[in-house]
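Okay, work-v8.cif now, which holds mmCIF, C-alpha atoms and all ligand atoms:
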data_run
#
loop_
_atom_site.group_PDB
_atom_site.id
_atom_site.type_symbol
_atom_site.label_atom_id
_atom_site.label_comp_id
_atom_site.auth_asym_id
_atom_site.auth_seq_id
_atom_site.Cartn_x
_atom_site.Cartn_y
_atom_site.Cartn_z
ATOM 1 C CA THR A 1 -19.154 -1.670 21.754
ATOM 2 C CA ILE A 2 -15.653 -0.755 20.605
ATOM 3 C CA LEU A 3 -15.557 2.019 17.990
ATOM 4 C CA TYR A 4 -13.490 2.177 14.815
ATOM 5 C CA GLY A 5 -13.585 4.065 11.550
ATOM 6 C CA VAL A 6 -11.899 5.456 8.455
ATOM 7 C CA PHE A 7 -11.321 9.119 7.561
ATOM 8 C CA GLY A 8 -11.209 9.973 3.863
ATOM 9 C CA ASP A 9 -12.395 12.296 1.111
ATOM 10 C CA PRO A 10 -13.964 10.708 -0.841
ATOM 11 C CA VAL A 11 -14.731 7.731 1.400
ATOM 12 C CA ARG A 12 -18.057 6.309 0.240
ATOM 13 C CA HIS A 13 -16.466 3.735 -2.094
ATOM 14 C CA SER A 14 -14.113 2.449 0.628
ATOM 15 C CA LYS A 15 -14.285 -1.305 1.189
ATOM 16 C CA SER A 16 -12.686 -0.928 4.634
ATOM 17 C CA PRO A 17 -15.971 -0.839 6.623
ATOM 18 C CA ILE A 18 -17.301 -4.034 5.080
ATOM 19 C CA MET A 19 -13.902 -5.758 5.454
ATOM 20 C CA LEU A 20 -13.227 -4.733 9.075
ATOM 21 C CA ASN A 21 -16.803 -5.276 10.280
ATOM 22 C CA ARG A 22 -16.544 -8.814 8.892
ATOM 23 C CA ALA A 23 -13.228 -9.261 10.706
ATOM 24 C CA PHE A 24 -14.713 -8.181 14.053
ATOM 25 C CA ARG A 25 -17.772 -10.393 13.596
ATOM 26 C CA GLU A 26 -15.601 -13.351 12.586
ATOM 27 C CA SER A 27 -13.476 -12.860 15.724
ATOM 28 C CA GLY A 28 -16.435 -12.430 18.070
ATOM 29 C CA ILE A 29 -15.448 -8.848 18.921
ATOM 30 C CA ASN A 30 -18.277 -6.448 19.707
ATOM 31 C CA ALA A 31 -17.197 -3.518 17.528
ATOM 32 C CA VAL A 32 -18.453 -1.155 14.835
ATOM 33 C CA TYR A 33 -16.357 0.347 12.026
ATOM 34 C CA ALA A 34 -17.791 3.362 10.175
ATOM 35 C CA ALA A 35 -16.745 5.545 7.226
ATOM 36 C CA PHE A 36 -16.347 9.267 7.953
ATOM 37 C CA HIS A 37 -16.241 11.818 5.180
ATOM 38 C CA VAL A 38 -13.659 14.304 6.488
ATOM 39 C CA ALA A 39 -13.385 17.409 4.308
ATOM 40 C CA PRO A 40 -10.108 19.280 3.772
ATOM 41 C CA GLY A 41 -9.686 21.611 6.744
ATOM 42 C CA ALA A 42 -11.638 19.400 9.136
ATOM 43 C CA LEU A 43 -8.951 16.796 9.778
ATOM 44 C CA GLY A 44 -7.566 18.298 13.010
ATOM 45 C CA ASP A 45 -11.056 18.443 14.531
ATOM 46 C CA ALA A 46 -11.771 14.903 13.343
ATOM 47 C CA VAL A 47 -8.599 13.570 15.008
ATOM 48 C CA ARG A 48 -9.458 15.330 18.277
ATOM 49 C CA GLY A 49 -12.835 13.598 17.930
ATOM 50 C CA ILE A 50 -11.087 10.233 18.174
ATOM 51 C CA ARG A 51 -10.055 11.102 21.735
ATOM 52 C CA ALA A 52 -13.289 12.894 22.642
ATOM 53 C CA LEU A 53 -15.501 10.020 21.496
ATOM 54 C CA GLY A 54 -13.233 7.226 22.671
ATOM 55 C CA TYR A 55 -12.600 5.619 19.306
ATOM 56 C CA ARG A 56 -10.070 2.788 19.682
ATOM 57 C CA GLY A 57 -8.741 2.959 16.146
ATOM 58 C CA VAL A 58 -9.036 4.825 12.866
ATOM 59 C CA ASN A 59 -7.727 4.249 9.369
ATOM 60 C CA VAL A 60 -6.755 7.287 7.348
ATOM 61 C CA THR A 61 -6.965 7.380 3.572
ATOM 62 C CA ILE A 62 -6.663 9.785 0.624
ATOM 63 C CA PRO A 63 -5.992 12.709 0.929
ATOM 64 C CA HIS A 64 -5.231 12.838 4.668
ATOM 65 C CA LYS A 65 -2.336 10.376 5.197
ATOM 66 C CA VAL A 66 0.391 13.038 5.311
ATOM 67 C CA GLU A 67 -1.403 15.895 7.098
ATOM 68 C CA VAL A 68 -2.732 13.638 9.868
ATOM 69 C CA MET A 69 0.775 13.075 11.253
ATOM 70 C CA GLN A 70 0.928 16.540 12.848
ATOM 71 C CA TYR A 71 -2.164 15.857 15.014
ATOM 72 C CA LEU A 72 -0.854 12.638 16.605
ATOM 73 C CA ASP A 73 1.042 12.168 19.872
ATOM 74 C CA GLU A 74 3.532 9.738 18.358
ATOM 75 C CA VAL A 75 4.404 8.428 14.905
ATOM 76 C CA ASP A 76 6.052 5.027 14.456
ATOM 77 C CA GLU A 77 9.523 5.072 12.866
ATOM 78 C CA GLY A 78 8.461 3.380 9.632
ATOM 79 C CA ALA A 79 5.584 5.817 9.155
ATOM 80 C CA GLN A 80 8.019 8.690 9.759
ATOM 81 C CA VAL A 81 10.376 7.482 7.023
ATOM 82 C CA ILE A 82 7.450 6.903 4.643
ATOM 83 C CA GLY A 83 5.986 10.277 5.626
ATOM 84 C CA ALA A 84 2.430 8.978 5.864
ATOM 85 C CA VAL A 85 0.099 7.356 8.407
ATOM 86 C CA ASN A 86 -2.817 5.084 7.515
ATOM 87 C CA THR A 87 -3.589 3.599 10.946
ATOM 88 C CA ILE A 88 -4.134 5.328 14.301
ATOM 89 C CA VAL A 89 -4.204 3.444 17.600
ATOM 90 C CA ASN A 90 -5.831 5.238 20.568
ATOM 91 C CA ASP A 91 -4.114 4.093 23.758
ATOM 92 C CA ASN A 92 -6.158 5.726 26.528
ATOM 93 C CA GLY A 93 -6.171 9.088 24.760
ATOM 94 C CA ARG A 94 -2.663 8.850 23.383
ATOM 95 C CA LEU A 95 -2.809 8.637 19.575
ATOM 96 C CA VAL A 96 -0.062 6.649 17.844
ATOM 97 C CA GLY A 97 0.267 6.573 14.047
ATOM 98 C CA TYR A 98 1.486 3.651 11.920
ATOM 99 C CA ASN A 99 1.763 2.879 8.241
ATOM 100 C CA THR A 100 0.582 -0.644 7.378
ATOM 101 C CA ASP A 101 0.450 -0.205 3.574
ATOM 102 C CA GLY A 102 4.039 -1.238 2.839
ATOM 103 C CA ILE A 103 4.207 -4.083 5.363
ATOM 104 C CA GLY A 104 0.768 -5.198 4.187
ATOM 105 C CA TYR A 105 2.097 -5.336 0.647
ATOM 106 C CA VAL A 106 5.137 -7.388 1.684
ATOM 107 C CA ARG A 107 3.001 -9.838 3.674
ATOM 108 C CA SER A 108 0.717 -10.278 0.680
ATOM 109 C CA LEU A 109 3.643 -10.958 -1.657
ATOM 110 C CA LYS A 110 5.109 -13.522 0.748
ATOM 111 C CA GLU A 111 1.857 -15.312 1.605
ATOM 112 C CA GLU A 112 0.309 -15.340 -1.866
ATOM 113 C CA ASN A 113 3.412 -16.059 -3.948
ATOM 114 C CA GLY A 114 5.496 -17.932 -1.374
ATOM 115 C CA LEU A 115 8.336 -15.524 -2.023
ATOM 116 C CA GLU A 116 11.510 -15.042 -0.036
ATOM 117 C CA LEU A 117 12.482 -11.389 -0.500
ATOM 118 C CA ALA A 118 15.974 -11.395 0.981
ATOM 119 C CA GLY A 119 18.554 -11.254 -1.823
ATOM 120 C CA ARG A 120 16.023 -10.481 -4.563
ATOM 121 C CA ARG A 121 16.583 -7.764 -7.149
ATOM 122 C CA VAL A 122 13.530 -5.543 -7.231
ATOM 123 C CA VAL A 123 12.367 -2.861 -9.671
ATOM 124 C CA LEU A 124 9.799 -0.335 -8.492
ATOM 125 C CA LEU A 125 7.871 1.401 -11.263
ATOM 126 C CA GLY A 126 6.789 4.817 -9.939
ATOM 127 C CA ALA A 127 8.066 7.114 -7.217
ATOM 128 C CA GLY A 128 4.931 8.554 -5.578
ATOM 129 C CA GLY A 129 3.367 7.971 -2.190
ATOM 130 C CA ALA A 130 2.565 4.303 -2.826
ATOM 131 C CA ALA A 131 6.120 3.611 -4.031
ATOM 132 C CA ARG A 132 7.479 5.184 -0.855
ATOM 133 C CA GLY A 133 5.573 2.844 1.465
ATOM 134 C CA VAL A 134 6.220 -0.284 -0.567
ATOM 135 C CA GLY A 135 9.858 0.627 -1.266
ATOM 136 C CA TYR A 136 10.563 1.162 2.427
ATOM 137 C CA ALA A 137 8.987 -2.160 3.403
ATOM 138 C CA LEU A 138 10.868 -4.032 0.646
ATOM 139 C CA ALA A 139 14.150 -2.371 1.631
ATOM 140 C CA ARG A 140 13.610 -3.557 5.216
ATOM 141 C CA GLU A 141 13.287 -7.154 3.951
ATOM 142 C CA GLY A 142 16.927 -7.260 2.883
ATOM 143 C CA VAL A 143 16.473 -7.174 -0.882
ATOM 144 C CA ALA A 144 19.722 -7.270 -2.877
ATOM 145 C CA SER A 145 18.818 -4.124 -4.803
ATOM 146 C CA LEU A 146 16.000 -1.678 -5.365
ATOM 147 C CA ARG A 147 15.891 0.043 -8.750
ATOM 148 C CA ILE A 148 13.304 2.819 -8.897
ATOM 149 C CA VAL A 149 12.172 3.731 -12.406
ATOM 150 C CA ASN A 150 9.816 6.659 -12.903
ATOM 151 C CA ARG A 151 8.455 8.824 -15.710
ATOM 152 C CA THR A 152 9.912 11.804 -13.839
ATOM 153 C CA ALA A 153 13.517 10.696 -13.185
ATOM 154 C CA GLU A 154 14.121 13.294 -10.475
ATOM 155 C CA ARG A 155 11.461 11.808 -8.184
ATOM 156 C CA ALA A 156 12.990 8.319 -8.590
ATOM 157 C CA VAL A 157 16.441 9.634 -7.665
ATOM 158 C CA GLU A 158 14.995 11.414 -4.605
ATOM 159 C CA LEU A 159 13.172 8.312 -3.380
ATOM 160 C CA ALA A 160 16.264 6.142 -3.917
ATOM 161 C CA ALA A 161 18.279 8.561 -1.788
ATOM 162 C CA ALA A 162 15.671 8.435 0.993
ATOM 163 C CA LEU A 163 15.755 4.603 1.057
ATOM 164 C CA SER A 164 19.495 4.151 0.611
ATOM 165 C CA ALA A 165 19.943 3.840 4.388
ATOM 166 C CA TYR A 166 18.055 0.507 4.189
ATOM 167 C CA ALA A 167 19.094 -1.088 0.876
ATOM 168 C CA ASP A 168 21.193 -0.733 -2.274
ATOM 169 C CA CYS A 169 19.014 1.807 -4.117
ATOM 170 C CA ALA A 170 19.218 3.735 -7.374
ATOM 171 C CA GLY A 171 16.714 5.848 -9.288
ATOM 172 C CA ALA A 172 16.290 6.485 -13.012
ATOM 173 C CA GLY A 173 13.886 7.682 -15.687
ATOM 174 C CA MET A 174 12.163 5.342 -18.134
ATOM 175 C CA ASP A 175 15.408 5.092 -20.130
ATOM 176 C CA GLY A 176 16.699 2.978 -17.237
ATOM 177 C CA ALA A 177 13.821 0.489 -17.422
ATOM 178 C CA ALA A 178 15.299 -1.990 -19.917
ATOM 179 C CA ALA A 179 18.512 -2.719 -18.012
ATOM 180 C CA ALA A 180 16.778 -2.735 -14.625
ATOM 181 C CA VAL A 181 13.997 -5.134 -15.662
ATOM 182 C CA ARG A 182 16.375 -7.453 -17.538
ATOM 183 C CA ASP A 183 18.337 -8.026 -14.319
ATOM 184 C CA ALA A 184 15.347 -8.145 -11.966
ATOM 185 C CA ASP A 185 13.562 -10.915 -10.064
ATOM 186 C CA ILE A 186 10.534 -8.822 -9.120
ATOM 187 C CA VAL A 187 8.922 -5.813 -10.864
ATOM 188 C CA VAL A 188 6.300 -3.857 -8.953
ATOM 189 C CA ASN A 189 3.932 -1.359 -10.560
ATOM 190 C CA THR A 190 3.135 1.378 -8.044
ATOM 191 C CA THR A 191 1.876 3.874 -10.642
ATOM 192 C CA SER A 192 -1.782 4.393 -11.466
ATOM 193 C CA ALA A 193 -1.222 3.300 -15.084
ATOM 194 C CA GLY A 194 -3.792 0.599 -15.845
ATOM 195 C CA MET A 195 -6.242 1.514 -13.085
ATOM 196 C CA HIS A 196 -9.931 1.596 -13.945
ATOM 197 C CA PRO A 197 -11.083 3.223 -16.199
ATOM 198 C CA ASN A 198 -7.722 3.455 -18.029
ATOM 199 C CA VAL A 199 -7.368 -0.304 -18.257
ATOM 200 C CA ASP A 200 -5.329 -0.246 -21.499
ATOM 201 C CA ASP A 201 -2.443 1.750 -19.976
ATOM 202 C CA VAL A 202 0.783 0.002 -18.946
ATOM 203 C CA PRO A 203 3.605 1.497 -16.830
ATOM 204 C CA LEU A 204 6.371 0.291 -19.176
ATOM 205 C CA ASP A 205 6.977 -1.314 -22.574
ATOM 206 C CA PRO A 206 5.600 -4.877 -22.188
ATOM 207 C CA GLU A 207 8.378 -6.182 -24.452
ATOM 208 C CA LEU A 208 10.747 -5.712 -21.494
ATOM 209 C CA LEU A 209 8.868 -8.300 -19.411
ATOM 210 C CA HIS A 210 10.236 -11.850 -19.279
ATOM 211 C CA GLY A 211 9.624 -15.289 -17.793
ATOM 212 C CA GLY A 212 12.159 -14.908 -14.995
ATOM 213 C CA LEU A 213 10.043 -12.293 -13.238
ATOM 214 C CA VAL A 214 7.426 -12.028 -10.583
ATOM 215 C CA ALA A 215 5.287 -9.134 -11.836
ATOM 216 C CA SER A 216 3.341 -7.395 -9.096
ATOM 217 C CA ASP A 217 0.753 -4.620 -9.299
ATOM 218 C CA LEU A 218 -0.685 -2.537 -6.462
ATOM 219 C CA ILE A 219 -3.841 -1.910 -8.504
ATOM 220 C CA TYR A 220 -6.810 -4.156 -7.649
ATOM 221 C CA ASN A 221 -9.401 -2.599 -9.934
ATOM 222 C CA PRO A 222 -9.131 -4.447 -12.279
ATOM 223 C CA LEU A 223 -7.896 -7.482 -10.337
ATOM 224 C CA LYS A 224 -5.600 -8.333 -13.280
ATOM 225 C CA THR A 225 -4.166 -5.276 -15.006
ATOM 226 C CA LYS A 226 -2.876 -5.238 -18.559
ATOM 227 C CA PHE A 227 0.653 -5.077 -17.070
ATOM 228 C CA LEU A 228 0.037 -8.386 -15.275
ATOM 229 C CA ALA A 229 -1.604 -10.002 -18.300
ATOM 230 C CA GLU A 230 1.344 -9.005 -20.527
ATOM 231 C CA ALA A 231 3.801 -10.373 -17.970
ATOM 232 C CA GLU A 232 1.878 -13.630 -17.582
ATOM 233 C CA ARG A 233 1.780 -14.090 -21.381
ATOM 234 C CA ARG A 234 5.597 -14.001 -21.324
ATOM 235 C CA GLY A 235 5.847 -16.625 -18.614
ATOM 236 C CA ALA A 236 6.172 -14.419 -15.532
ATOM 237 C CA LYS A 237 4.457 -15.215 -12.256
ATOM 238 C CA VAL A 238 1.970 -12.536 -11.254
ATOM 239 C CA HIS A 239 0.749 -10.933 -8.029
ATOM 240 C CA GLY A 240 -2.254 -8.594 -7.941
ATOM 241 C CA GLY A 241 -3.013 -5.670 -5.653
ATOM 242 C CA LEU A 242 -5.974 -6.981 -3.685
ATOM 243 C CA GLY A 243 -3.762 -8.628 -1.073
ATOM 244 C CA MET A 244 -2.110 -5.332 -0.190
ATOM 245 C CA PHE A 245 -5.513 -3.884 0.682
ATOM 246 C CA ILE A 246 -6.497 -6.967 2.690
ATOM 247 C CA TYR A 247 -3.232 -7.130 4.658
ATOM 248 C CA GLN A 248 -2.952 -3.398 5.396
ATOM 249 C CA GLY A 249 -6.352 -3.878 7.052
ATOM 250 C CA ALA A 250 -5.209 -7.101 8.704
ATOM 251 C CA TYR A 251 -2.260 -5.327 10.346
ATOM 252 C CA ALA A 252 -4.541 -2.499 11.522
ATOM 253 C CA PHE A 253 -6.899 -5.091 13.042
ATOM 254 C CA GLU A 254 -3.962 -6.780 14.775
ATOM 255 C CA TYR A 255 -2.551 -3.498 16.152
ATOM 256 C CA TRP A 256 -5.975 -2.565 17.518
ATOM 257 C CA THR A 257 -7.032 -5.918 18.950
ATOM 258 C CA GLY A 258 -3.807 -7.849 19.537
ATOM 259 C CA ARG A 259 -5.409 -10.817 17.787
ATOM 260 C CA PRO A 260 -4.612 -12.467 14.443
ATOM 261 C CA ALA A 261 -6.759 -11.120 11.638
ATOM 262 C CA PRO A 262 -9.215 -13.532 9.941
ATOM 263 C CA VAL A 263 -7.638 -12.882 6.552
ATOM 264 C CA ALA A 264 -9.573 -15.460 4.520
ATOM 265 C CA ALA A 265 -12.937 -14.104 5.667
ATOM 266 C CA MET A 266 -11.807 -10.526 4.998
ATOM 267 C CA ARG A 267 -10.740 -11.434 1.465
ATOM 268 C CA GLN A 268 -13.981 -13.268 0.761
ATOM 269 C CA THR A 269 -16.042 -10.264 1.873
ATOM 270 C CA VAL A 270 -14.053 -7.813 -0.262
ATOM 271 C CA LEU A 271 -14.217 -10.071 -3.330
ATOM 272 C CA GLU A 272 -18.001 -10.307 -2.908
ATOM 273 C CA ALA A 273 -18.263 -6.529 -2.564
ATOM 274 C CA LEU A 274 -16.185 -5.991 -5.699
ATOM 275 C CA GLY A 275 -18.698 -8.175 -7.557
HETATM 276 P P1 LIG A 301 0.319 7.497 -5.281
HETATM 277 O O1 LIG A 301 0.132 8.010 -3.886
HETATM 278 O O2 LIG A 301 -0.816 6.650 -5.764
HETATM 279 O O3 LIG A 301 1.631 6.840 -5.482
HETATM 280 P P2 LIG A 301 1.345 9.881 -6.552
HETATM 281 O O4 LIG A 301 2.131 10.193 -5.339
HETATM 282 O O5 LIG A 301 0.615 10.972 -7.260
HETATM 283 O O6 LIG A 301 0.224 8.785 -6.232
HETATM 284 O O7 LIG A 301 2.310 9.126 -7.581
HETATM 285 C C1 LIG A 301 1.873 8.673 -8.832
HETATM 286 C C2 LIG A 301 2.988 7.877 -9.487
HETATM 287 O O8 LIG A 301 2.484 7.259 -10.669
HETATM 288 C C3 LIG A 301 4.163 8.716 -9.938
HETATM 289 O O9 LIG A 301 5.309 7.909 -9.912
HETATM 290 C C4 LIG A 301 3.769 9.066 -11.374
HETATM 291 O O10 LIG A 301 4.860 9.400 -12.202
HETATM 292 P P3 LIG A 301 5.434 10.909 -12.192
HETATM 293 O O11 LIG A 301 6.210 11.062 -10.911
HETATM 294 O O12 LIG A 301 6.310 10.985 -13.383
HETATM 295 O O13 LIG A 301 4.245 11.818 -12.264
HETATM 296 C C5 LIG A 301 3.188 7.745 -11.809
HETATM 297 N N1 LIG A 301 2.220 7.800 -12.911
HETATM 298 C C6 LIG A 301 0.946 8.237 -12.875
HETATM 299 N N2 LIG A 301 0.326 8.047 -14.057
HETATM 300 C C7 LIG A 301 1.253 7.465 -14.874
HETATM 301 C C8 LIG A 301 1.244 7.014 -16.238
HETATM 302 N N3 LIG A 301 0.150 7.110 -17.002
HETATM 303 N N4 LIG A 301 2.378 6.467 -16.711
HETATM 304 C C9 LIG A 301 3.481 6.346 -15.953
HETATM 305 N N5 LIG A 301 3.550 6.754 -14.676
HETATM 306 C C10 LIG A 301 2.463 7.310 -14.141
#

Can you dump the structure from the file as structure tokens?
Ligand code: ATR
Amino acid sequence: TILYGVFGDPVRHSKSPIMLNRAFRESGINAVYAAFHVAPGALGDAVRGIRALGYRGVNVTIPHKVEVMQYLDEVDEGAQVIGAVNTIVNDNGRLVGYNTDGIGYVRSLKEENGLELAGRRVVLLGAGGAARGVGYALAREGVASLRIVNRTAERAVELAAALSAYADCAGAGMDGAAAAVRDADIVVNTTSAGMHPNVDDVPLDPELLHGGLVASDLIYNPLKTKFLAEAERRGAKVHGGLGMFIYQGAYAFEYWTGRPAPVAAMRQTVLEALG
């Protein structure tokens, strides 16, 4: 039996075990994926446990994605730029870290909305950890521009500077939202505004949304946020956050096994678990 797991705190609500166990079963791979509650301060020991116990792969989630990097033997270039690891591959005791969140997001956007990203003008709402991963992956797709708009302008300017090696980037506070969204093809909410239980929050004035947009949200609880509903009402196409979760797991599965992930089965299992 090949061993896998996820390290988090909290971790009991994670849908990763149910999703990845379904993926292994679907692919006829004899493997078990478990959730491990790793408390602050125990992460170094937990990572050494991956080697000691012969785990083939581990996902890392909140709050450990940044700290875990220092315990690995190697960190992939993308994960280094993002500054966070969510997937560890154990190659005969050598632990390599990757970040599949951003590339998972991009794959979801392409597959679910049939979008070509090269040449598109993109607005990122938010400048936190999630924006960093998604912004990096979008920048690598050859977008025409990346406008980062955040409540705290300084963080948007910082993130734009970090990504400017990969795309035409600029950061601004909310006063920059109107001009950026007017000229955009895609607007992505990476903030937590609208996440359960604060389902009435939106990350920007809905009046700025228009029918020329694809509106995308990383939130998947609820599956359709108020931001998406407001965009849809104005004629925009919408893209929800569930696919990002599915495809970050799909990439992890593919890195670990070298086989294509059974994405449809994974999605079905997660949708069932979400009720
Ligand atoms: P994550 O890892 O989920 O991105 P984070 O790094 O704490 O979490 O970043 C949260 C992001 O959501 C930030 O961009 C934050 O804006 P600030 O930098 O100004 O704090 C944004 N955010 C959180 N709640 C928000 C709200 N109610 N309205 C607008 N932006 C919000």

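When all atoms listed in the file are used to measure the gap to Ile103 of chain A, the shortest distance among A:Arg132, A:Lys15, A:His196, A:Arg120 belongs to A:Arg132.
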
Contacts to ligand LIG 301 (chain A) at 7 Å cut-off (only C-alpha atoms and all ligand atoms) as a PyMOL selection string: chain A and resi 126-131+150-152+155+190-193+201+203

Selection file, C-alpha atoms, as a tab-separated table (two decimals), in the frame of the given file:
chain	number	residue	atom	x	y	z
A	126	GLY	CA	6.79	4.82	-9.94
A	127	ALA	CA	8.07	7.11	-7.22
A	128	GLY	CA	4.93	8.55	-5.58
A	129	GLY	CA	3.37	7.97	-2.19
A	130	ALA	CA	2.56	4.30	-2.83
A	131	ALA	CA	6.12	3.61	-4.03
A	150	ASN	CA	9.82	6.66	-12.90
A	151	ARG	CA	8.46	8.82	-15.71
A	152	THR	CA	9.91	11.80	-13.84
A	155	ARG	CA	11.46	11.81	-8.18
A	190	THR	CA	3.14	1.38	-8.04
A	191	THR	CA	1.88	3.87	-10.64
A	192	SER	CA	-1.78	4.39	-11.47
A	193	ALA	CA	-1.22	3.30	-15.08
A	201	ASP	CA	-2.44	1.75	-19.98
A	203	PRO	CA	3.60	1.50	-16.83

Excluding Leu53 of chain A and any residue of its chain fewer than 3 positions from it, enumerate the residues within 10 Å of it, using only C-alpha atoms, and give them as a VMD selection string. chain A and resid 3 48 to 50 56 93

Which residues, named as in the file, does the PyMOL selection byres (((chain A and resi 256) around 9) and not hetatm) pick out? Answer as number ranges by chain. A: 56-57, 88-90, 251-255, 257-259

Name the residues in contact with Ser27 of chain A at a cut-off of 9 Å, using all atoms listed in the file, excluding same-chain residues fewer than 6 positions from it; report them as a PyMOL selection string. chain A and resi 259-262

Each residue of segment 103-139 of chain A with at least one atom at most 9 Å from segment 76-81 of chain A should appear once, together with its nearest atom pair and the corresponding distance in Å (one decimal); atoms considered: only C-alpha atoms; ordering: chain, then increasing residue number; output as a tab-separated table.
residue	atom	partner	partner_atom	distance
A:Arg132	CA	A:Val81	CA	8.7
A:Gly133	CA	A:Ala79	CA	8.2
A:Tyr136	CA	A:Val81	CA	7.8
A:Ala137	CA	A:Gly78	CA	8.4

Result set of the PyMOL selection byres (((chain A and resi 210-220) around 8) and not hetatm) on the coordinates above, as an MDAnalysis selection string: chainID A and resid 182 184:190 192 194:195 207:209 221:225 227:228 231:232 234:242 244

I'd like the residues picked by the PyMOL selection byres (((chain A and resi 67) around 12) and not hetatm) written out as a list of chain:residue names, using the chain letters and numbers from the file. A:Gly8, A:Pro40, A:Gly41, A:Ala42, A:Leu43, A:Gly44, A:Val47, A:Val60, A:Thr61, A:Ile62, A:Pro63, A:His64, A:Lys65, A:Val66, A:Val68, A:Met69, A:Gln70, A:Tyr71, A:Leu72, A:Gly83, A:Ala84, A:Val85, A:Asn86, A:Gly97

Report, in Å to a single decimal, how far apart atom CA of Lys110 of chain A and atom CA of Ala144 of chain A are.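 Rounded to one decimal, the two atoms are 16.3 Å apart.
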
Atom CA of Tyr4 of chain A to atom CA of Phe36 of chain A, straight-line distance in Å: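 If I compute the distance from atom CA of Phe36 of chain A to atom CA of Tyr4 of chain A, I get 10.3 Å.
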
Any idea what's packed within 7 Å of Asp73 of chain A, counting only C-alpha atoms, ignoring anything in its chain fewer than 6 positions away? Could you give it as an NGL selection string? :A and (94-96)

Of the candidates A:Met266, A:Ala23, A:Ala229, A:Val6, which shows the shortest atom-to-atom distance to His37 of chain A, using only C-alpha atoms?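 Nearest to His37 of chain A: A:Val6.
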
One-decimal distance in Å that lies between atom CA of Glu111 of chain A and atom CA of Arg25 of chain A: 23.5 Å
